[in-house]
Amino acid sequence: MSAGEGLPEGIDPDKASVARMYDAMLGGHHNFAMDREALAAFTAIDPQVRTLARANRAFLGRAVRFLVDAGVRQFIDLGSGIPTQGNVHEVAQSVSPGTRVVYVDNDPVAVAHSAALLADNPDADIVNADIRRPAGILSAPQVGKLIDFDQPVAVLMITILHFISPEENPAGIVTAFRDALPGESWLAMTHATNQDRPETAAAVGQLYRSRASSPVTARSREEILGLFDGFDLVEPGLTYVPLWRPDPDDEIPDDPSEYWVYAGVGRKTP
């Protein structure tokens, strides 16, 4: 895609998009020159950023399969991004047909491509909304149609909360969704951390502040654990993404902190 090919309304031609940068990291084609330029700067800071993105995506697949095995048949994927391989509905519905999925994003490209992908899928839909306004998401018609809040729901917050500044109260956002969930519901999250690689996290934060539409706030392990308040983490707890229930053929790095994103899955506390 190029900015000259009918740039969708609402896109700032001078700012990279979080969703489109992630698409570029995963080798997708739904991104613009400013996204690829920002990714090149990111790669100069951390040469294995694409590997990290793939590890994060792999965690999503493992977490969704775990949750379906645990009996979940409803998902809300917040900050879902641009569709790529291994989307939540594809993973979940391949295991349990009829599993219902609501995606949520506010990037015009992500919303447009998601809507096109889901046009013929009666059990999945996209909401154009911002995670900073949980009430608007929870009251969206798509959520009302597909999600039954009398049955367990899994909320996915995959690499989204580190784009929420302290002033925007990330814990309050999690609490709003938690309080709307019935018992036996779940939260899956990945979040950038400054725990072991503070210099890398600081440099990436500066990059996103200067080049992207959303700044990054990396957090300590303790701060990320706090976001799971009201949820009981399943084993192995909060850990670097490649260490969360890896598949037998997954490669485990010698130094997991190189993957400076934590991952965890928790069940709503009774």
# chains A, B, ... in the order shown; residues from 1 in each chain; ligands from 1
>>> closest_atom_pairs(of="stretch 76-101 of chain A", to="stretch 130-140 of chain A", cutoff="10 Å", atoms="only C-alpha atoms", output="JSON lines")
{"residue": "A:Ile76", "atom": "CA", "partner": "A:Leu138", "partner_atom": "CA", "distance": 9.7}
{"residue": "A:Leu78", "atom": "CA", "partner": "A:Ile131", "partner_atom": "CA", "distance": 6.7}
{"residue": "A:Gly79", "atom": "CA", "partner": "A:Ile131", "partner_atom": "CA", "distance": 7.2}
>>> select_by_dssp(residues="stretch 12-244 of chain A", states="strand (DSSP E or B)", output="PyMOL selection string")
chain A and resi 16+74-78+100-105+124-128+154-158+186-193+212+219+231-233+239-240
>>> select_by_dssp(residues="stretch 54-222 of chain A", states="alpha helix (DSSP H)", output="compact mmCIF listing (two decimals) with N, CA and C atoms, in the first residue's frame")
# COMPACT_ATOMS: atom_id res chain seq x y z
N ARG A 54 6.60 -12.17 15.93
CA ARG A 54 6.13 -13.52 15.63
C ARG A 54 5.91 -14.33 16.91
N ALA A 55 6.78 -14.13 17.91
CA ALA A 55 6.61 -14.82 19.19
C ALA A 55 5.33 -14.37 19.88
N ASN A 56 5.04 -13.09 19.79
CA ASN A 56 3.82 -12.56 20.37
C ASN A 56 2.59 -13.14 19.68
N ARG A 57 2.67 -13.24 18.34
CA ARG A 57 1.56 -13.81 17.58
C ARG A 57 1.38 -15.29 17.91
N ALA A 58 2.49 -15.99 18.09
CA ALA A 58 2.41 -17.41 18.44
C ALA A 58 1.77 -17.60 19.81
N PHE A 59 2.11 -16.70 20.75
CA PHE A 59 1.46 -16.77 22.07
C PHE A 59 -0.05 -16.63 21.91
N LEU A 60 -0.50 -15.70 21.08
CA LEU A 60 -1.93 -15.51 20.88
C LEU A 60 -2.59 -16.82 20.46
N GLY A 61 -1.99 -17.52 19.50
CA GLY A 61 -2.56 -18.78 19.07
C GLY A 61 -2.61 -19.80 20.19
N ARG A 62 -1.53 -19.91 20.96
CA ARG A 62 -1.51 -20.88 22.06
C ARG A 62 -2.55 -20.52 23.12
N ALA A 63 -2.67 -19.23 23.41
CA ALA A 63 -3.62 -18.80 24.44
C ALA A 63 -5.06 -19.07 23.99
N VAL A 64 -5.37 -18.80 22.72
CA VAL A 64 -6.72 -19.04 22.23
C VAL A 64 -7.05 -20.53 22.28
N ARG A 65 -6.10 -21.37 21.86
CA ARG A 65 -6.35 -22.82 21.93
C ARG A 65 -6.55 -23.27 23.37
N PHE A 66 -5.74 -22.74 24.29
CA PHE A 66 -5.90 -23.07 25.71
C PHE A 66 -7.29 -22.67 26.20
N LEU A 67 -7.74 -21.48 25.82
CA LEU A 67 -9.02 -20.99 26.30
C LEU A 67 -10.19 -21.77 25.71
N VAL A 68 -10.09 -22.16 24.45
CA VAL A 68 -11.14 -23.00 23.87
C VAL A 68 -11.17 -24.35 24.58
N ASP A 69 -10.00 -24.92 24.85
CA ASP A 69 -9.95 -26.19 25.59
C ASP A 69 -10.54 -26.04 26.98
N VAL A 88 -7.85 -14.76 15.60
CA VAL A 88 -8.52 -15.43 16.72
C VAL A 88 -9.67 -16.30 16.25
N HIS A 89 -10.51 -15.78 15.36
CA HIS A 89 -11.66 -16.58 14.93
C HIS A 89 -11.22 -17.81 14.15
N GLU A 90 -10.11 -17.70 13.40
CA GLU A 90 -9.63 -18.85 12.64
C GLU A 90 -9.14 -19.95 13.58
N VAL A 91 -8.37 -19.56 14.59
CA VAL A 91 -7.85 -20.53 15.55
C VAL A 91 -8.99 -21.15 16.35
N ALA A 92 -9.86 -20.30 16.90
CA ALA A 92 -10.92 -20.79 17.78
C ALA A 92 -11.95 -21.62 17.02
N GLN A 93 -12.36 -21.15 15.85
CA GLN A 93 -13.40 -21.86 15.11
C GLN A 93 -12.88 -23.14 14.47
N SER A 94 -11.57 -23.24 14.27
CA SER A 94 -11.02 -24.50 13.76
C SER A 94 -11.10 -25.60 14.81
N VAL A 95 -11.07 -25.20 16.09
CA VAL A 95 -11.18 -26.16 17.18
C VAL A 95 -12.64 -26.37 17.56
N PRO A 108 -8.29 2.81 10.80
CA PRO A 108 -9.18 2.64 9.65
C PRO A 108 -8.80 1.47 8.75
N VAL A 109 -7.51 1.24 8.55
CA VAL A 109 -7.08 0.12 7.71
C VAL A 109 -7.44 -1.21 8.37
N ALA A 110 -7.19 -1.32 9.66
CA ALA A 110 -7.51 -2.55 10.39
C ALA A 110 -9.01 -2.83 10.35
N VAL A 111 -9.81 -1.80 10.56
CA VAL A 111 -11.26 -1.97 10.56
C VAL A 111 -11.75 -2.38 9.17
N ALA A 112 -11.26 -1.71 8.13
CA ALA A 112 -11.72 -2.00 6.77
C ALA A 112 -11.37 -3.43 6.36
N HIS A 113 -10.15 -3.85 6.62
CA HIS A 113 -9.75 -5.19 6.22
C HIS A 113 -10.43 -6.26 7.07
N SER A 114 -10.65 -5.98 8.34
CA SER A 114 -11.36 -6.93 9.19
C SER A 114 -12.80 -7.10 8.71
N ALA A 115 -13.45 -5.99 8.39
CA ALA A 115 -14.84 -6.06 7.92
C ALA A 115 -14.94 -6.89 6.64
N ALA A 116 -13.98 -6.70 5.73
CA ALA A 116 -13.99 -7.47 4.49
C ALA A 116 -13.77 -8.95 4.76
N LEU A 117 -12.83 -9.27 5.65
CA LEU A 117 -12.52 -10.66 5.96
C LEU A 117 -13.70 -11.37 6.62
N LEU A 118 -14.45 -10.64 7.44
CA LEU A 118 -15.51 -11.25 8.25
C LEU A 118 -16.89 -11.16 7.62
N PRO A 134 -14.22 1.85 27.39
CA PRO A 134 -14.80 0.50 27.50
C PRO A 134 -16.32 0.47 27.39
N ALA A 135 -17.00 1.47 27.95
CA ALA A 135 -18.47 1.44 27.92
C ALA A 135 -18.98 1.45 26.49
N GLY A 136 -18.32 2.19 25.61
CA GLY A 136 -18.74 2.23 24.21
C GLY A 136 -18.55 0.88 23.53
N ILE A 137 -17.51 0.18 23.89
CA ILE A 137 -17.27 -1.15 23.32
C ILE A 137 -18.31 -2.13 23.84
N LEU A 138 -18.52 -2.14 25.15
CA LEU A 138 -19.43 -3.11 25.75
C LEU A 138 -20.88 -2.91 25.30
N PRO A 141 -23.40 -2.61 19.19
CA PRO A 141 -24.35 -3.60 18.67
C PRO A 141 -23.71 -4.95 18.36
N GLN A 142 -22.49 -4.91 17.84
CA GLN A 142 -21.82 -6.18 17.49
C GLN A 142 -21.59 -7.03 18.73
N VAL A 143 -21.24 -6.37 19.84
CA VAL A 143 -21.04 -7.09 21.10
C VAL A 143 -22.37 -7.64 21.60
N GLY A 144 -23.41 -6.82 21.54
CA GLY A 144 -24.73 -7.26 21.97
C GLY A 144 -25.24 -8.45 21.18
N LYS A 145 -24.88 -8.50 19.90
CA LYS A 145 -25.35 -9.59 19.03
C LYS A 145 -24.59 -10.89 19.28
N LEU A 146 -23.28 -10.80 19.49
CA LEU A 146 -22.45 -12.01 19.51
C LEU A 146 -22.06 -12.48 20.91
N PRO A 170 -4.67 2.61 32.67
CA PRO A 170 -4.83 1.25 32.12
C PRO A 170 -5.51 0.29 33.08
N ALA A 171 -5.20 0.41 34.38
CA ALA A 171 -5.84 -0.48 35.35
C ALA A 171 -7.35 -0.27 35.37
N GLY A 172 -7.78 0.98 35.23
CA GLY A 172 -9.21 1.26 35.20
C GLY A 172 -9.88 0.67 33.98
N ILE A 173 -9.17 0.63 32.85
CA ILE A 173 -9.71 0.01 31.64
C ILE A 173 -9.91 -1.48 31.86
N VAL A 174 -8.89 -2.14 32.42
CA VAL A 174 -9.02 -3.58 32.69
C VAL A 174 -10.17 -3.83 33.65
N THR A 175 -10.27 -3.00 34.68
CA THR A 175 -11.33 -3.17 35.67
C THR A 175 -12.72 -3.06 35.05
N ALA A 176 -12.88 -2.12 34.10
CA ALA A 176 -14.18 -1.94 33.46
C ALA A 176 -14.60 -3.21 32.72
N PHE A 177 -13.66 -3.82 32.02
CA PHE A 177 -13.99 -5.07 31.32
C PHE A 177 -14.18 -6.21 32.31
N ARG A 178 -13.30 -6.28 33.32
CA ARG A 178 -13.42 -7.35 34.31
C ARG A 178 -14.79 -7.33 34.98
N ASP A 179 -15.24 -6.15 35.36
CA ASP A 179 -16.50 -6.05 36.09
C ASP A 179 -17.71 -6.39 35.22
N ALA A 180 -17.53 -6.30 33.89
CA ALA A 180 -18.62 -6.65 32.97
C ALA A 180 -18.68 -8.15 32.70
N PRO A 198 15.88 -2.00 30.23
CA PRO A 198 15.31 -0.65 30.33
C PRO A 198 15.78 0.28 29.23
N GLU A 199 17.02 0.14 28.78
CA GLU A 199 17.52 1.04 27.74
C GLU A 199 16.78 0.80 26.42
N THR A 200 16.57 -0.47 26.08
CA THR A 200 15.81 -0.78 24.87
C THR A 200 14.40 -0.25 24.96
N ALA A 201 13.75 -0.49 26.10
CA ALA A 201 12.38 -0.02 26.28
C ALA A 201 12.29 1.49 26.18
N ALA A 202 13.25 2.20 26.76
CA ALA A 202 13.25 3.67 26.71
C ALA A 202 13.44 4.16 25.28
N ALA A 203 14.34 3.52 24.53
CA ALA A 203 14.58 3.94 23.14
C ALA A 203 13.36 3.69 22.27
N VAL A 204 12.70 2.57 22.47
CA VAL A 204 11.48 2.27 21.71
C VAL A 204 10.38 3.25 22.09
N GLY A 205 10.28 3.58 23.37
CA GLY A 205 9.29 4.56 23.79
C GLY A 205 9.50 5.90 23.12
N GLN A 206 10.73 6.34 23.03
CA GLN A 206 11.04 7.60 22.36
C GLN A 206 10.69 7.53 20.88
N LEU A 207 10.97 6.39 20.25
CA LEU A 207 10.66 6.22 18.83
C LEU A 207 9.16 6.36 18.59
N TYR A 208 8.35 5.69 19.39
CA TYR A 208 6.91 5.75 19.19
C TYR A 208 6.37 7.15 19.47
N ARG A 209 6.96 7.84 20.45
CA ARG A 209 6.50 9.21 20.73
C ARG A 209 6.76 10.13 19.54
N SER A 210 7.87 9.92 18.86
CA SER A 210 8.25 10.84 17.78
C SER A 210 7.67 10.46 16.43
N ARG A 211 7.43 9.17 16.19
CA ARG A 211 7.07 8.73 14.85
C ARG A 211 5.68 8.12 14.72
N ARG A 221 7.54 -5.71 35.78
CA ARG A 221 6.78 -6.94 35.98
C ARG A 221 5.71 -6.75 37.05
N GLU A 222 6.07 -6.05 38.12
CA GLU A 222 5.10 -5.81 39.19
C GLU A 222 3.91 -4.99 38.69
>>> closest_residue(among="A:Leu52, A:Asp254, A:Gly27, A:Pro248", to="A:His191", atoms="only C-alpha atoms")
A:Leu52
>>> atom_distance(atom1="atom CA of A:Ser96", atom2="atom CA of A:Ala129")
27.2 Å
>>> residues_around(residues="A:Gly237", least_positions_apart="5", cutoff="10 Å", atoms="only C-alpha atoms", output="list in words")
Leu225, Asp232, Leu243, Trp244, Arg245, Tyr262, Ala263, Gly264, Val265 and Gly266 of chain A
>>> write_last_selection(atoms="N, CA and C atoms", output="mmCIF file, in the first residue's frame")
data_model
loop_
_atom_site.group_PDB
_atom_site.id
_atom_site.type_symbol
_atom_site.label_atom_id
_atom_site.label_comp_id
_atom_site.auth_asym_id
_atom_site.auth_seq_id
_atom_site.Cartn_x
_atom_site.Cartn_y
_atom_site.Cartn_z
ATOM 1 N N LEU A 225 1.766 -7.245 36.531
ATOM 2 C CA LEU A 225 1.012 -8.151 37.407
ATOM 3 C C LEU A 225 -0.203 -7.449 37.998
ATOM 4 N N ASP A 232 -6.917 -14.793 38.478
ATOM 5 C CA ASP A 232 -5.933 -15.748 38.983
ATOM 6 C C ASP A 232 -5.148 -16.287 37.793
ATOM 7 N N LEU A 243 8.028 -18.333 26.733
ATOM 8 C CA LEU A 243 8.012 -19.302 27.832
ATOM 9 C C LEU A 243 6.609 -19.682 28.273
ATOM 10 N N TRP A 244 5.572 -19.012 27.707
ATOM 11 C CA TRP A 244 4.203 -19.333 28.122
ATOM 12 C C TRP A 244 3.713 -20.558 27.333
ATOM 13 N N ARG A 245 3.734 -21.696 27.994
ATOM 14 C CA ARG A 245 3.217 -22.959 27.452
ATOM 15 C C ARG A 245 3.649 -23.192 26.000
ATOM 16 N N TYR A 262 6.027 -9.421 28.344
ATOM 17 C CA TYR A 262 5.468 -10.418 29.249
ATOM 18 C C TYR A 262 4.119 -10.902 28.734
ATOM 19 N N ALA A 263 3.800 -12.149 29.082
ATOM 20 C CA ALA A 263 2.533 -12.751 28.683
ATOM 21 C C ALA A 263 1.920 -13.461 29.877
ATOM 22 N N GLY A 264 0.604 -13.432 29.937
ATOM 23 C CA GLY A 264 -0.093 -14.152 30.989
ATOM 24 C C GLY A 264 -1.554 -14.373 30.639
ATOM 25 N N VAL A 265 -2.143 -15.376 31.258
ATOM 26 C CA VAL A 265 -3.567 -15.681 31.101
ATOM 27 C C VAL A 265 -4.139 -15.911 32.493
ATOM 28 N N GLY A 266 -5.222 -15.211 32.795
ATOM 29 C CA GLY A 266 -5.823 -15.340 34.117
ATOM 30 C C GLY A 266 -7.314 -15.549 34.058
#
>>> residues_around(residues="A:Thr84", least_positions_apart="3", cutoff="8 Å", atoms="only C-alpha atoms", output="ChimeraX atom specification")
/A:23,28,87
>>> closest_residue(among="A:Val49, A:Ala40, A:Ser185, A:Ala119", to="A:Gly71", atoms="only C-alpha atoms")
A:Ser185
>>> closest_residue(among="A:Phe149, A:Phe32, A:Tyr103, A:Tyr22", to="A:Pro182", atoms="only C-alpha atoms")
A:Phe149
>>> atom_distance(atom1="atom CA of A:Ser257", atom2="atom CA of A:Tyr240")
6.7 Å
>>> atom_distance(atom1="atom CA of A:Glu37", atom2="atom CA of A:Glu258")
22.7 Å
>>> residues_around(residues="A:Asn128", least_positions_apart="3", cutoff="7 Å", atoms="only C-alpha atoms", output="list in words")
Val104, Asp105, Asn106 and Val111 of chain A
>>> write_last_selection(atoms="N, CA, C and O atoms", output="PDB file, in the first residue's frame")
ATOM      1  N   VAL A 104     -11.918  -5.509  18.050  1.00  0.00           N
ATOM      2  CA  VAL A 104     -12.052  -4.082  18.335  1.00  0.00           C
ATOM      3  C   VAL A 104     -10.765  -3.388  17.925  1.00  0.00           C
ATOM      4  O   VAL A 104      -9.669  -3.772  18.347  1.00  0.00           O
ATOM      5  N   ASP A 105     -10.881  -2.354  17.085  1.00  0.00           N
ATOM      6  CA  ASP A 105      -9.729  -1.541  16.727  1.00  0.00           C
ATOM      7  C   ASP A 105     -10.232  -0.181  16.260  1.00  0.00           C
ATOM      8  O   ASP A 105     -11.396  -0.035  15.895  1.00  0.00           O
ATOM      9  N   ASN A 106      -9.340   0.809  16.292  1.00  0.00           N
ATOM     10  CA  ASN A 106      -9.724   2.140  15.821  1.00  0.00           C
ATOM     11  C   ASN A 106      -8.880   2.609  14.647  1.00  0.00           C
ATOM     12  O   ASN A 106      -8.985   3.763  14.239  1.00  0.00           O
ATOM     13  N   VAL A 111      -9.809  -1.796  10.555  1.00  0.00           N
ATOM     14  CA  VAL A 111     -11.262  -1.972  10.556  1.00  0.00           C
ATOM     15  C   VAL A 111     -11.754  -2.379   9.169  1.00  0.00           C
ATOM     16  O   VAL A 111     -12.558  -3.309   9.018  1.00  0.00           O
TER      17      VAL A 111
END
>>> decode(residues="stretch 180-203 of chain A", atoms="C-alpha atoms", output="tab-separated table (two decimals), in the first residue's frame")
chain	number	residue	atom	x	y	z
A	180	ALA	CA	-18.62	-6.65	32.97
A	181	LEU	CA	-17.53	-10.29	32.73
A	182	PRO	CA	-19.43	-13.18	34.30
A	183	GLY	CA	-17.76	-15.82	36.41
A	184	GLU	CA	-15.50	-18.34	34.71
A	185	SER	CA	-14.28	-15.61	32.33
A	186	TRP	CA	-10.68	-14.94	31.33
A	187	LEU	CA	-8.11	-12.29	30.48
A	188	ALA	CA	-5.11	-12.90	28.19
A	189	MET	CA	-2.51	-10.15	27.96
A	190	THR	CA	0.91	-9.35	26.56
A	191	HIS	CA	2.68	-6.15	27.57
A	192	ALA	CA	6.09	-4.58	26.87
A	193	THR	CA	8.34	-4.46	29.91
A	194	ASN	CA	11.32	-2.38	31.01
A	195	GLN	CA	12.20	-5.00	33.64
A	196	ASP	CA	15.45	-6.37	32.25
A	197	ARG	CA	16.14	-4.18	29.20
A	198	PRO	CA	15.31	-0.65	30.33
A	199	GLU	CA	17.52	1.04	27.74
A	200	THR	CA	15.81	-0.78	24.87
A	201	ALA	CA	12.38	-0.02	26.28
A	202	ALA	CA	13.25	3.67	26.71
A	203	ALA	CA	14.58	3.94	23.14
